[in-house]
There are 2 protein chains.
Amino acid sequence: MAQNLIFTNDVESAIQRLTASGDHNLTVWIADVNTARLLPAPPQHLITIPDGDENKTLATVTHVWDEMERMGASRHSLAINLGGGMVTDLGGWAAATFKRGVRFINVPTTLLGAVDAAVGGKTGINYNGLKNEIGAFAPASDVIISTRFFDTLPIEEMKSGFAEVIKHAMLSDRAEVMRLLDHDFSAPIHHDDLLERLKHSVSVKTDIVARDPEEKGERKALNLGHTVGHAMESLAMQRGKPVPHGYAVAWGLVTEATLSHMRLGFPSEDVHKLGNFVRDNYRDFPFTCDDYEDLLDLMRHDKKSRNGEITCTLLSAIGDYRIDQAVSADDVTAALDILRDHLGL
Amino acid sequence: MAQNLIFTNDVESAIQRLTASGDHNLTVWIADVNTARLLPAPPQHLITIPDGDENKTLATVTHVWDEMERMGASRHSLAINLGGGMVTDLGGWAAATFKRGVRFINVPTTLLGAVDAAVGGKTGINYNGLKNEIGAFAPASDVIISTRFFDTLPIEEMKSGFAEVIKHAMLSDRAEVMRLLDHDFSAPIHHDDLLERLKHSVSVKTDIVARDPEEKGERKALNLGHTVGHAMESLAMQRGKPVPHGYAVAWGLVTEATLSHMRLGFPSEDVHKLGNFVRDNYRDFPFTCDDYEDLLDLMRHDKKSRNGEITCTLLSAIGDYRIDQAVSADDVTAALDILRDHLGL
């Protein structure tokens with residue numbers, strides 16, 4: 001799982017250096033209808049796919065395979081995925097399976113993609129309505145991480161990615177968490193500073209992934225906030241009122257920090273600081289106590305749970321995580337009440 | 001690419017030991033309509049697929065994925081592929097991609113599968129009429145190699161697999177080649193002895209694959225006989241008169257041994273011994289000198305060639321191989337004439 005990570009806001013030069021050094025015979029760009037417009041000039045070989053998670057399907061992958069064939073791509077070709085998590089997940093899997101695998105580079109264009117989807121080798125598609133049901137662990141050879149596409153990102157997108165940045169900091173470093181909780185989304189992006197935060201954030205993920213690339217154990221640490229968060233995201237989706245992934249993660253982080261306090265003595269001061277930031281930035285929580293049973297049911301069926309037990313990654317302190325922690329439905333219920341208190345609901 | 005190889009004719013016990021030790025929650029068998037009948041009793045979870053290379057398609061894979069979902073398979077499940085190369089290629093890829101990869105065991109039922117397809121981690125499907133166009137390098141956790149399914153194999157199937165056995169010996173050990181060239185296909189199978197030959201043969205492949213799992217270099221040695229053989233197989237297929245893969249490999253081995261003699265001084269005595277065995281067992285060569293141009297064209301477009309040059313793996317002696325050897329059309333033409341002399345045509 002050796003991935004070359006390049007942090008730069010001079011994306012063109014980085015791509016030029018990477019494509020000059022290889023001996024690939026053809027470079028294929030894969031972008032969605034929006035990110036294709038980010039290219040300064042249309043490249044010779046561009047495959048445009050529809051955007052959105054609802055198009056992360058086998059039909060879209062076969063379109064990419066067909067286009068790669070039509071363009072004459074071989075096992076010595078190179079693919080460059082330009083886009084958010086949907087593009088890097090799907091484009092990465094298309095490249096990893098074409099002729100049993102061609103080299104690919106990820107150029108994430110969203111904050112969430114930069115700190116999560118584009119790094120760490122998870123690729124794949126949704127299938128039969130199930131998220132990431134088909135795919136592979138297949139690392140990009142290189143990932144170019146920049147903030148230069150973020151100025152035009154909707155603020156909800158920025159907030160959504162930022163929740164994963166906070167998650168990574170909570171797995172590693174209290175000072176970094178405190179720096180992040182000072183962030184002001186209404187201010188213009190300070191690119192150099194944000195790129196430093198991304199370096200820190202991505203290094204937390206890559207350190208963990210290097211020790212457990214295929215999620216046999218320790219990689220589950222990255223699931224912090226996600227047992228609860230995924231349930232919220234799924235329930236909102238089922239009701240036809242989807243919420244951004246990172247919003248659900250932010251709510252999940254507060255809930256699981258509270259569970260961490262209850263079970264492992266995680267400092268209540270830190271729960272409060274996190275809770276205040278989430279109240280200020282991710283307030284529009286769509287559930288009441290009437291939804292707890294549905295949420296608990298979804299947590300019991302999380303793909304990382306076994307035997308219907310709810311398991312989370314919990315913290316005894318920032319940076320000190322424990323995977324596979326079973327929690328009771330009563331504790332989760334209490335923690336959800338406390339989340340709603342934090343949000344002022 | 002660590003694959004646990006088990007050589008035994010007590011297949012049931014081997015499977016029992018392997019499935020008892022894992023902590024998978026469900027075992028799914030994948031077999032084709034013929035190999036499903038080899039099971040002593042139908043297992044609880046059996047996915048039956050149509051047989052034949054023409055069914056090694058995305059449609060068949062989606063059937064396997066759908067069935068795995070219907071049966072409740074999870075990332076902790078286990079798949080067992082029972083069949084020839086089509087089943088282990090397709091079933092292996094279906095397992096390697098389901099939820100980003102579940103463990104799978106190969107139980108090859110043909111000689112060709114045992115010494116080639118089931119071992120070494122190549123999985124995949126045909127796509128848009130192109131062989132193995134989509135797939136992955138994904139090793140089976142375990143491969144159970146036995147001769148017990150071979151008594152009912154058609155003799156053409158045995159001969160086809162045997163050509164790959166000879167190829168492996170030619171890459172490694174002259175004494176083994178000479179033992180193999182004494183083989184009599186009309187005699188009943190001597191199981192213990194044949195299992196010893198398989199051990200030797202598979203070890204040649206696994207030693208090479210271990211040094212180069214993704215075919216960046218040395219693994220191309222396994223392509224011996226195949227630059228010429230693939231062209232013959234493809235041309236026969238294009239003309240609607242397919243030949244067994246191993247027959248084409250046998251003809252390719254004689255042709256490339258002759259090229260090896262011309263270019264690298266490979267001993268003519270060994271070309272003759274090989275040529276005689278191929279004359280005695282693989283005589284029905286369907287081409288004349290009128291077909292040479294078509295064959296050369298196909299060799300120029302082989303997926304391992306570059307820039308339209310014909311490249312082969314050649315030998316300076318048995319066991320001493322050189323990959324990426326460019327050969328001229330004139331030399332290939334001369335070698336094809338000599339092949340036809342050997343065959344008495």
# chains A, B, ... in the order shown; residues from 1 in each chain; ligands from 1
call {"tool": "interface_residues", "arguments": {"of": "chain B", "to": "chain A", "cutoff": "6 Å", "atoms": "only C-alpha atoms", "output": "ChimeraX atom specification"}}
result
/B:97-100,133-136
call {"tool": "write_last_selection", "arguments": {"atoms": "all heavy atoms", "output": "mmCIF file, in the first residue's frame"}}
result
data_model
loop_
_atom_site.group_PDB
_atom_site.id
_atom_site.type_symbol
_atom_site.label_atom_id
_atom_site.label_comp_id
_atom_site.auth_asym_id
_atom_site.auth_seq_id
_atom_site.Cartn_x
_atom_site.Cartn_y
_atom_site.Cartn_z
ATOM 1 N N THR B 97 -13.846 -9.283 -5.355
ATOM 2 C CA THR B 97 -14.485 -7.976 -5.476
ATOM 3 C C THR B 97 -15.700 -7.817 -4.563
ATOM 4 O O THR B 97 -16.132 -6.693 -4.327
ATOM 5 C CB THR B 97 -14.962 -7.750 -6.929
ATOM 6 O OG1 THR B 97 -15.737 -8.878 -7.342
ATOM 7 C CG2 THR B 97 -13.775 -7.581 -7.871
ATOM 8 N N PHE B 98 -16.260 -8.928 -4.081
ATOM 9 C CA PHE B 98 -17.464 -8.857 -3.234
ATOM 10 C C PHE B 98 -17.088 -8.235 -1.886
ATOM 11 O O PHE B 98 -16.231 -8.752 -1.171
ATOM 12 C CB PHE B 98 -18.035 -10.265 -3.039
ATOM 13 C CG PHE B 98 -19.364 -10.289 -2.325
ATOM 14 C CD1 PHE B 98 -20.524 -9.946 -2.977
ATOM 15 C CD2 PHE B 98 -19.446 -10.651 -0.987
ATOM 16 C CE1 PHE B 98 -21.754 -9.961 -2.321
ATOM 17 C CE2 PHE B 98 -20.665 -10.680 -0.319
ATOM 18 C CZ PHE B 98 -21.818 -10.330 -0.985
ATOM 19 N N LYS B 99 -17.701 -7.110 -1.567
ATOM 20 C CA LYS B 99 -17.372 -6.350 -0.350
ATOM 21 C C LYS B 99 -15.872 -6.083 -0.245
ATOM 22 O O LYS B 99 -15.283 -6.171 0.822
ATOM 23 C CB LYS B 99 -17.898 -7.074 0.887
ATOM 24 C CG LYS B 99 -19.435 -7.115 0.912
ATOM 25 C CD LYS B 99 -19.992 -7.784 2.142
ATOM 26 C CE LYS B 99 -21.469 -8.072 1.993
ATOM 27 N NZ LYS B 99 -22.336 -6.903 2.223
ATOM 28 N N ARG B 100 -15.263 -5.792 -1.356
ATOM 29 C CA ARG B 100 -13.818 -5.536 -1.484
ATOM 30 C C ARG B 100 -12.965 -6.756 -1.159
ATOM 31 O O ARG B 100 -11.774 -6.628 -0.893
ATOM 32 C CB ARG B 100 -13.369 -4.371 -0.595
ATOM 33 C CG ARG B 100 -13.936 -3.037 -1.023
ATOM 34 C CD ARG B 100 -13.081 -1.897 -0.470
ATOM 35 N NE ARG B 100 -13.812 -0.641 -0.553
ATOM 36 C CZ ARG B 100 -14.545 -0.140 0.437
ATOM 37 N NH1 ARG B 100 -14.604 -0.752 1.595
ATOM 38 N NH2 ARG B 100 -15.194 0.995 0.269
ATOM 39 N N GLU B 133 -9.969 -9.476 -20.091
ATOM 40 C CA GLU B 133 -9.834 -8.026 -20.229
ATOM 41 C C GLU B 133 -10.034 -7.302 -18.893
ATOM 42 O O GLU B 133 -9.421 -6.273 -18.640
ATOM 43 C CB GLU B 133 -10.864 -7.518 -21.252
ATOM 44 C CG GLU B 133 -10.858 -6.039 -21.510
ATOM 45 C CD GLU B 133 -9.664 -5.575 -22.338
ATOM 46 O OE1 GLU B 133 -8.727 -6.363 -22.535
ATOM 47 O OE2 GLU B 133 -9.676 -4.411 -22.772
ATOM 48 N N ILE B 134 -10.912 -7.849 -18.051
ATOM 49 C CA ILE B 134 -11.224 -7.234 -16.762
ATOM 50 C C ILE B 134 -10.898 -8.244 -15.663
ATOM 51 O O ILE B 134 -11.282 -9.413 -15.764
ATOM 52 C CB ILE B 134 -12.724 -6.866 -16.703
ATOM 53 C CG1 ILE B 134 -13.095 -5.885 -17.838
ATOM 54 C CG2 ILE B 134 -13.109 -6.296 -15.335
ATOM 55 C CD1 ILE B 134 -12.381 -4.548 -17.788
ATOM 56 N N GLY B 135 -10.225 -7.813 -14.629
ATOM 57 C CA GLY B 135 -9.875 -8.756 -13.565
ATOM 58 C C GLY B 135 -8.924 -8.150 -12.566
ATOM 59 O O GLY B 135 -8.817 -6.935 -12.458
ATOM 60 N N ALA B 136 -8.260 -9.015 -11.823
ATOM 61 C CA ALA B 136 -7.353 -8.550 -10.776
ATOM 62 C C ALA B 136 -6.311 -9.621 -10.486
ATOM 63 O O ALA B 136 -6.527 -10.793 -10.786
ATOM 64 C CB ALA B 136 -8.130 -8.234 -9.497
#
call {"tool": "residues_around", "arguments": {"residues": "Arg179 (chain A)", "least_positions_apart": "3", "cutoff": "10 Å", "atoms": "only C-alpha atoms", "output": "list in words"}}
result
Ile166, Ala169, Arg174, Ala175, Glu176, Asp182, His183 and Arg197 of chain A
call {"tool": "write_last_selection", "arguments": {"atoms": "N, CA, C and O atoms", "output": "short mmCIF file (atom, residue, chain, number, x, y, z; two decimals), in the first residue's frame"}}
result
data_model
loop_
_atom_site.label_atom_id
_atom_site.label_comp_id
_atom_site.auth_asym_id
_atom_site.auth_seq_id
_atom_site.Cartn_x
_atom_site.Cartn_y
_atom_site.Cartn_z
N ILE A 166 -11.47 16.52 11.71
CA ILE A 166 -11.56 16.47 13.18
C ILE A 166 -11.41 15.03 13.67
O ILE A 166 -10.69 14.75 14.64
N ALA A 169 -7.83 14.02 13.75
CA ALA A 169 -7.12 14.67 14.86
C ALA A 169 -7.48 14.01 16.19
O ALA A 169 -6.62 13.84 17.06
N ARG A 174 -4.25 16.17 20.65
CA ARG A 174 -5.18 17.11 21.23
C ARG A 174 -4.96 18.55 20.76
O ARG A 174 -5.91 19.30 20.51
N ALA A 175 -3.70 18.95 20.62
CA ALA A 175 -3.42 20.33 20.18
C ALA A 175 -4.02 20.58 18.80
O ALA A 175 -4.57 21.65 18.53
N GLU A 176 -3.92 19.56 17.94
CA GLU A 176 -4.47 19.70 16.59
C GLU A 176 -6.01 19.81 16.65
O GLU A 176 -6.61 20.62 15.93
N ASP A 182 -11.13 25.89 16.46
CA ASP A 182 -11.14 27.35 16.30
C ASP A 182 -11.52 27.77 14.89
O ASP A 182 -11.56 28.97 14.58
N HIS A 183 -11.75 26.80 14.01
CA HIS A 183 -11.96 27.15 12.60
C HIS A 183 -13.25 27.95 12.39
O HIS A 183 -14.26 27.68 13.01
N ARG A 197 -3.02 21.64 7.60
CA ARG A 197 -3.99 20.82 8.34
C ARG A 197 -4.23 19.49 7.58
O ARG A 197 -4.36 18.44 8.17
#
call {"tool": "closest_atom_pairs", "arguments": {"of": "region 262-290 of chain B", "to": "region 309-328 of chain B", "cutoff": "9 Å", "atoms": "only C-alpha atoms", "output": "JSON lines"}}
result
{"residue": "B:Arg263", "atom": "CA", "partner": "B:Ser316", "partner_atom": "CA", "distance": 8.3}
{"residue": "B:Leu264", "atom": "CA", "partner": "B:Ser316", "partner_atom": "CA", "distance": 4.9}
{"residue": "B:Gly265", "atom": "CA", "partner": "B:Ser316", "partner_atom": "CA", "distance": 5.8}
{"residue": "B:Phe266", "atom": "CA", "partner": "B:Ser316", "partner_atom": "CA", "distance": 4.6}
{"residue": "B:Pro267", "atom": "CA", "partner": "B:Ala317", "partner_atom": "CA", "distance": 6.8}
{"residue": "B:Asp270", "atom": "CA", "partner": "B:Ile318", "partner_atom": "CA", "distance": 8.4}
call {"tool": "residues_around", "arguments": {"residues": "Leu111 (chain B)", "least_positions_apart": "2", "cutoff": "12 Å", "atoms": "only C-alpha atoms", "output": "JSON, numbers by chain"}}
result
{"B": [83, 84, 85, 107, 108, 109, 113, 114, 115, 116, 117, 118, 119, 145, 146, 147, 148, 149, 150, 151, 152, 153, 154, 155, 156, 157, 158, 159, 160, 161, 162, 163, 164, 165, 189, 194, 195, 197, 198, 201, 202, 246]}
call {"tool": "residues_around", "arguments": {"residues": "region 43-48 of chain A", "least_positions_apart": "5", "cutoff": "8 Å", "atoms": "only C-alpha atoms", "output": "list in words"}}
result
Thr27, Val28, Trp29, Ile30, Ala31, Asp32, Val33, Ala36, Val64, Glu67 and Met71 of chain A
call {"tool": "write_last_selection", "arguments": {"atoms": "N, CA, C and O atoms", "output": "compact mmCIF listing (two decimals), in the first residue's frame"}}
result
# COMPACT_ATOMS: atom_id res chain seq x y z
N THR A 27 -2.40 8.44 -21.45
CA THR A 27 -2.95 8.93 -20.19
C THR A 27 -4.44 9.21 -20.36
O THR A 27 -4.83 9.98 -21.23
N VAL A 28 -5.25 8.56 -19.55
CA VAL A 28 -6.69 8.72 -19.61
C VAL A 28 -7.16 9.49 -18.38
O VAL A 28 -6.83 9.10 -17.25
N TRP A 29 -7.88 10.59 -18.57
CA TRP A 29 -8.47 11.32 -17.45
C TRP A 29 -9.88 10.82 -17.21
O TRP A 29 -10.64 10.59 -18.16
N ILE A 30 -10.24 10.68 -15.94
CA ILE A 30 -11.61 10.32 -15.58
C ILE A 30 -12.14 11.43 -14.66
O ILE A 30 -11.53 11.73 -13.63
N ALA A 31 -13.24 12.06 -15.07
CA ALA A 31 -13.81 13.17 -14.29
C ALA A 31 -15.32 13.10 -14.40
O ALA A 31 -15.86 12.45 -15.29
N ASP A 32 -16.01 13.77 -13.48
CA ASP A 32 -17.46 13.82 -13.64
C ASP A 32 -17.82 15.12 -14.38
O ASP A 32 -16.95 15.94 -14.70
N VAL A 33 -19.10 15.28 -14.68
CA VAL A 33 -19.51 16.41 -15.52
C VAL A 33 -19.12 17.76 -14.92
O VAL A 33 -18.89 18.72 -15.66
N ALA A 36 -14.83 17.86 -14.69
CA ALA A 36 -14.20 17.97 -16.01
C ALA A 36 -13.96 19.44 -16.36
O ALA A 36 -13.01 19.78 -17.05
N VAL A 64 -16.73 3.38 -18.46
CA VAL A 64 -15.30 3.73 -18.36
C VAL A 64 -14.46 2.65 -19.06
O VAL A 64 -13.56 2.97 -19.84
N GLU A 67 -14.76 2.99 -22.81
CA GLU A 67 -14.02 4.15 -23.31
C GLU A 67 -12.52 3.90 -23.28
O GLU A 67 -11.81 4.27 -24.20
N MET A 71 -10.22 4.07 -26.60
CA MET A 71 -9.06 4.96 -26.69
C MET A 71 -7.75 4.21 -26.89
O MET A 71 -6.71 4.83 -27.09
call {"tool": "residues_around", "arguments": {"residues": "region 284-292 of chain A", "least_positions_apart": "6", "cutoff": "12 Å", "atoms": "only C-alpha atoms", "output": "PyMOL selection string"}}
result
chain A and resi 156+228-229+231-233+235-237+239-244+247-252+278+298-299+329-345
call {"tool": "atom_distance", "arguments": {"atom1": "CA of Arg103 (chain B)", "atom2": "CA of Gly120 (chain A)"}}
result
20.5 Å
call {"tool": "select_by_dssp", "arguments": {"residues": "region 183-342 of chain B", "states": "helix (DSSP H, G or I)", "output": "MDAnalysis selection string"}}
result
chainID B and resid 191:211 218:223 226:238 245:264 268:281 289:300 329:342
call {"tool": "residues_around", "arguments": {"residues": "Glu54 (chain A)", "least_positions_apart": "3", "cutoff": "9 Å", "atoms": "only C-alpha atoms", "output": "PDB file with C-alpha atoms, in the first residue's frame"}}
result
ATOM      1  CA  ASP A  51     -21.919  12.918 -11.005  1.00  0.00           C
ATOM      2  CA  THR A  57     -22.727   1.949 -10.404  1.00  0.00           C
ATOM      3  CA  ASN A 126     -22.562   0.657  -5.058  1.00  0.00           C
ATOM      4  CA  GLY A 129     -28.510  -0.332  -3.642  1.00  0.00           C
TER       5      GLY A 129
END
call {"tool": "closest_residue", "arguments": {"among": "B:Val102, B:Gln3, B:Leu181, B:Arg37", "to": "Lys216 (chain A)", "atoms": "only C-alpha atoms"}}
result
B:Val102
call {"tool": "atom_distance", "arguments": {"atom1": "CA of His272 (chain A)", "atom2": "CA of Glu196 (chain A)"}}
result
25.7 Å
call {"tool": "atom_distance", "arguments": {"atom1": "CA of Ala59 (chain B)", "atom2": "CA of His301 (chain A)"}}
result
29.0 Å
